[in-house]
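To keep things clear, I will list the structure first and then write my remarks on it.
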Amino acid sequence: MKQRAYNFNAGPSALPLAVLEKAQKEFVDFQGTGMSVMELSHRSAAYEEVHNQAIARLRSLLSIPDQYEVLFLQGGASLQFSMIPMNFLNSGQKAGYITTGSWSEKAFKEAELFGEPYHIASSKENHYRDIPALSELSFNEQDAYVHLTSNNTIYGTQWKEFPSTGNIPLMADMSSDILSRPIDISQFGLIYAGAQKNLGPAGVTVVIIHKDLLEKANSEVPTMLKYSTHAKTNSLFHTPPTFGIYMLGEVLRWVEEQGGLEVITQKNEEKAKVIYDTIDQSDGFYYGHAEKDSRSLMNITFRLHNENLEKKFLAEAKEAGFVGLNGHRSVGGCRASAYNAVPREACEALSEFMVEFQRKNS
């Protein structure tokens, strides 16, 4: 087999090799059924076990309390930008948004179609280099909810701790750092995440929602866009993305085998440190976008001191087997996405390449 690429793609991103190899073995004949998982009826006992085990593993790894439903939806995190206000923001109501990057801005714009969102805080004036300090945030008890994005893939910033919003439900887009560290689920009314960063392949969206919210949701919403529709049917109201959920379950099994979130967190901190140290010790040859106290462990964004050199860096990195180091098309620069499945060896190889490139081009 050809050597695996050093995959730093921002999403869809690296999957654990062990999971891919297991899926390969089971691809044609899943557990003696004579069929692929993709061919199983979503009403069959064989698929039901896959589905329920994935939910159980996610509950266990994230310590999700019984008061929350776990849903497998479609439409990506971007559909959640609309579903949340559609279900919880009525005309004339306000909702507070903390905008720290492009995705939270897009969520804000969708909410404008349904009610009156407003900015509690924004890091836009600082080019999204930081996360607002908790001491700067204040909340209106009359708000329908508060929304934030836990990790910003484009700008490389991440919430280290989350605000306490009292009785106001806190909604969080955790697409790019869910399962990368332990979190207190009870702080949130609703968490959503596209699977394609840390959970599995693209096509599955995980929603973790407090049961109380299901009772308070707007009833005048199309059936497929009601959270209650999917909660009542164990996410089987219609045909779910069965293969994606199978893969998600296997990724969760892999996280368990690694030692759980505590071990994953430690590994992620070590991987990010390898690259951030290389940036910080380069005497300005490389410089990070994010303020140090807001740096993401998942998406390491940086630039070189001139654009032509940056293009040369990216071209030579590609030739050396590094994939996905281009920054997002909206901002340029460089970005190394070191999600759970990216091995430390890849981060060390990137560090060595960066040091050698600097030596040759200083």
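Every chain in the structure tokens takes a letter, A first, then B, and so on in the order presented; its residues are numbered from 1, and the ligands are numbered from 1 following the presented order.
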Practice item. Find the spatial neighbours of Gln187 in chain A, counting only C-alpha atoms, within a cut-off of 9 Å - ignore same-chain residues fewer than 3 positions away - and output them as a VMD selection string. Key: chain A and resid 162 to 166 169 to 170 183 to 184
Review point. What lies within 12 Å of Gly189 in chain A using only C-alpha atoms, ignoring chain neighbours under 3 positions off, as a ChimeraX atom specification?
Key: /A:64-65,67-69,84,88,144-148,164-173,184-186,192,207-214,216
Point to revise | Test item: residues at most 7 Å from Ser337 in chain A, only C-alpha atoms, excluding those fewer than 4 positions along its chain, as a list in words | key: Phe8, Asn9, Ala10, Met298, Asn299 and Ile300 of chain A
For the residues selected in the previous step, produce a file with all heavy atoms as an mmCIF file, in the first residue's frame.
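Saved the output as selection-v2.cif:
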data_model
loop_
_atom_site.group_PDB
_atom_site.id
_atom_site.type_symbol
_atom_site.label_atom_id
_atom_site.label_comp_id
_atom_site.auth_asym_id
_atom_site.auth_seq_id
_atom_site.Cartn_x
_atom_site.Cartn_y
_atom_site.Cartn_z
ATOM 1 N N PHE A 8 -3.720 16.890 6.851
ATOM 2 C CA PHE A 8 -4.099 18.000 7.721
ATOM 3 C C PHE A 8 -5.342 18.709 7.198
ATOM 4 O O PHE A 8 -5.557 19.882 7.485
ATOM 5 C CB PHE A 8 -2.936 18.988 7.857
ATOM 6 C CG PHE A 8 -1.775 18.450 8.655
ATOM 7 C CD1 PHE A 8 -0.662 17.929 8.020
ATOM 8 C CD2 PHE A 8 -1.807 18.474 10.042
ATOM 9 C CE1 PHE A 8 0.414 17.432 8.758
ATOM 10 C CE2 PHE A 8 -0.745 17.975 10.786
ATOM 11 C CZ PHE A 8 0.376 17.455 10.152
ATOM 12 N N ASN A 9 -6.165 18.017 6.420
ATOM 13 C CA ASN A 9 -7.383 18.615 5.887
ATOM 14 C C ASN A 9 -8.297 19.082 7.012
ATOM 15 O O ASN A 9 -8.428 18.427 8.052
ATOM 16 C CB ASN A 9 -8.146 17.607 5.018
ATOM 17 C CG ASN A 9 -7.611 17.544 3.599
ATOM 18 O OD1 ASN A 9 -7.186 18.549 3.041
ATOM 19 N ND2 ASN A 9 -7.636 16.357 3.001
ATOM 20 N N ALA A 10 -8.975 20.206 6.753
ATOM 21 C CA ALA A 10 -9.853 20.793 7.774
ATOM 22 C C ALA A 10 -11.211 20.112 7.842
ATOM 23 O O ALA A 10 -11.962 20.312 8.784
ATOM 24 C CB ALA A 10 -10.031 22.284 7.505
ATOM 25 N N MET A 298 -7.184 22.240 17.583
ATOM 26 C CA MET A 298 -7.622 21.509 16.394
ATOM 27 C C MET A 298 -7.103 22.120 15.094
ATOM 28 O O MET A 298 -6.711 21.407 14.178
ATOM 29 C CB MET A 298 -9.155 21.448 16.343
ATOM 30 C CG MET A 298 -9.815 20.725 17.516
ATOM 31 S SD MET A 298 -9.621 18.927 17.459
ATOM 32 C CE MET A 298 -8.189 18.702 18.526
ATOM 33 N N ASN A 299 -7.141 23.445 15.004
ATOM 34 C CA ASN A 299 -6.798 24.146 13.758
ATOM 35 C C ASN A 299 -5.719 25.179 14.042
ATOM 36 O O ASN A 299 -5.979 26.203 14.670
ATOM 37 C CB ASN A 299 -8.030 24.822 13.164
ATOM 38 C CG ASN A 299 -9.210 23.874 13.028
ATOM 39 O OD1 ASN A 299 -10.116 23.903 13.855
ATOM 40 N ND2 ASN A 299 -9.202 23.051 12.010
ATOM 41 N N ILE A 300 -4.520 24.893 13.585
ATOM 42 C CA ILE A 300 -3.357 25.738 13.859
ATOM 43 C C ILE A 300 -3.128 26.621 12.633
ATOM 44 O O ILE A 300 -2.707 26.144 11.581
ATOM 45 C CB ILE A 300 -2.129 24.870 14.177
ATOM 46 C CG1 ILE A 300 -2.433 23.978 15.389
ATOM 47 C CG2 ILE A 300 -0.896 25.735 14.412
ATOM 48 C CD1 ILE A 300 -1.551 22.776 15.522
#
Exercise for review: Excluding range 96-104 of chain A and any residue of its chain fewer than 5 positions from it, enumerate the residues within 8 Å of it, using only C-alpha atoms, and give them as a VMD selection string.
Suggested key: chain A and resid 117 to 124 128 130 to 131 139 143 145 to 149 152 154 to 155
Exercise for review: Determine which residues of range 45-288 of chain A DSSP labels as alpha helix (DSSP H) from the backbone of this structure, then write them out as a VMD selection string.
Suggested key: chain A and resid 45 to 62 76 to 88 102 to 111 211 to 216 227 to 232 242 to 258 261 to 280
Review point. For Leu314 in chain A, which residue out of A:Gln258, A:Thr278, A:Asn52, A:Asn326 is the nearest one, using only C-alpha atoms?
Key: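 That would be A:Asn326, the residue with the smallest distance to Leu314 in chain A.
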Revision key, fill the gap. In terms of only C-alpha atoms, the residue from A:Asn140, A:Gln266, A:Gln74, A:Ser330 at minimal distance from Met224 in chain A is A:Gln74
Can you build me a table of range 156-248 of chain A residues sitting at most 12 Å from range 341-356 of chain A, with the closest atom pair per residue and its distance in Å to one decimal, using only C-alpha atoms, sorted by chain and residue number, as a Markdown table?
| residue | atom | partner | partner_atom | distance |
| --- | --- | --- | --- | --- |
| A:Leu179 | CA | A:Ala341 | CA | 11.1 |
| A:Ser180 | CA | A:Ala341 | CA | 10.1 |
| A:Gln196 | CA | A:Ala341 | CA | 11.3 |
| A:Lys197 | CA | A:Ala341 | CA | 9.1 |
| A:Asn198 | CA | A:Ala341 | CA | 7.3 |
| A:Leu199 | CA | A:Ala341 | CA | 9.6 |
| A:Gly200 | CA | A:Ala341 | CA | 9.9 |
Prev. selection, C-alpha atoms, output as a PDB file, in the first residue's frame:
ATOM      1  CA  LEU A 179     -14.878  14.598  21.180  1.00  0.00           C
ATOM      2  CA  SER A 180     -11.470  16.303  21.431  1.00  0.00           C
ATOM      3  CA  GLN A 196     -16.522  15.162   9.359  1.00  0.00           C
ATOM      4  CA  LYS A 197     -13.871  16.478  11.759  1.00  0.00           C
ATOM      5  CA  ASN A 198     -13.610  14.158  14.773  1.00  0.00           C
ATOM      6  CA  LEU A 199     -16.644  11.877  14.605  1.00  0.00           C
ATOM      7  CA  GLY A 200     -16.577  10.175  11.233  1.00  0.00           C
TER       8      GLY A 200
END
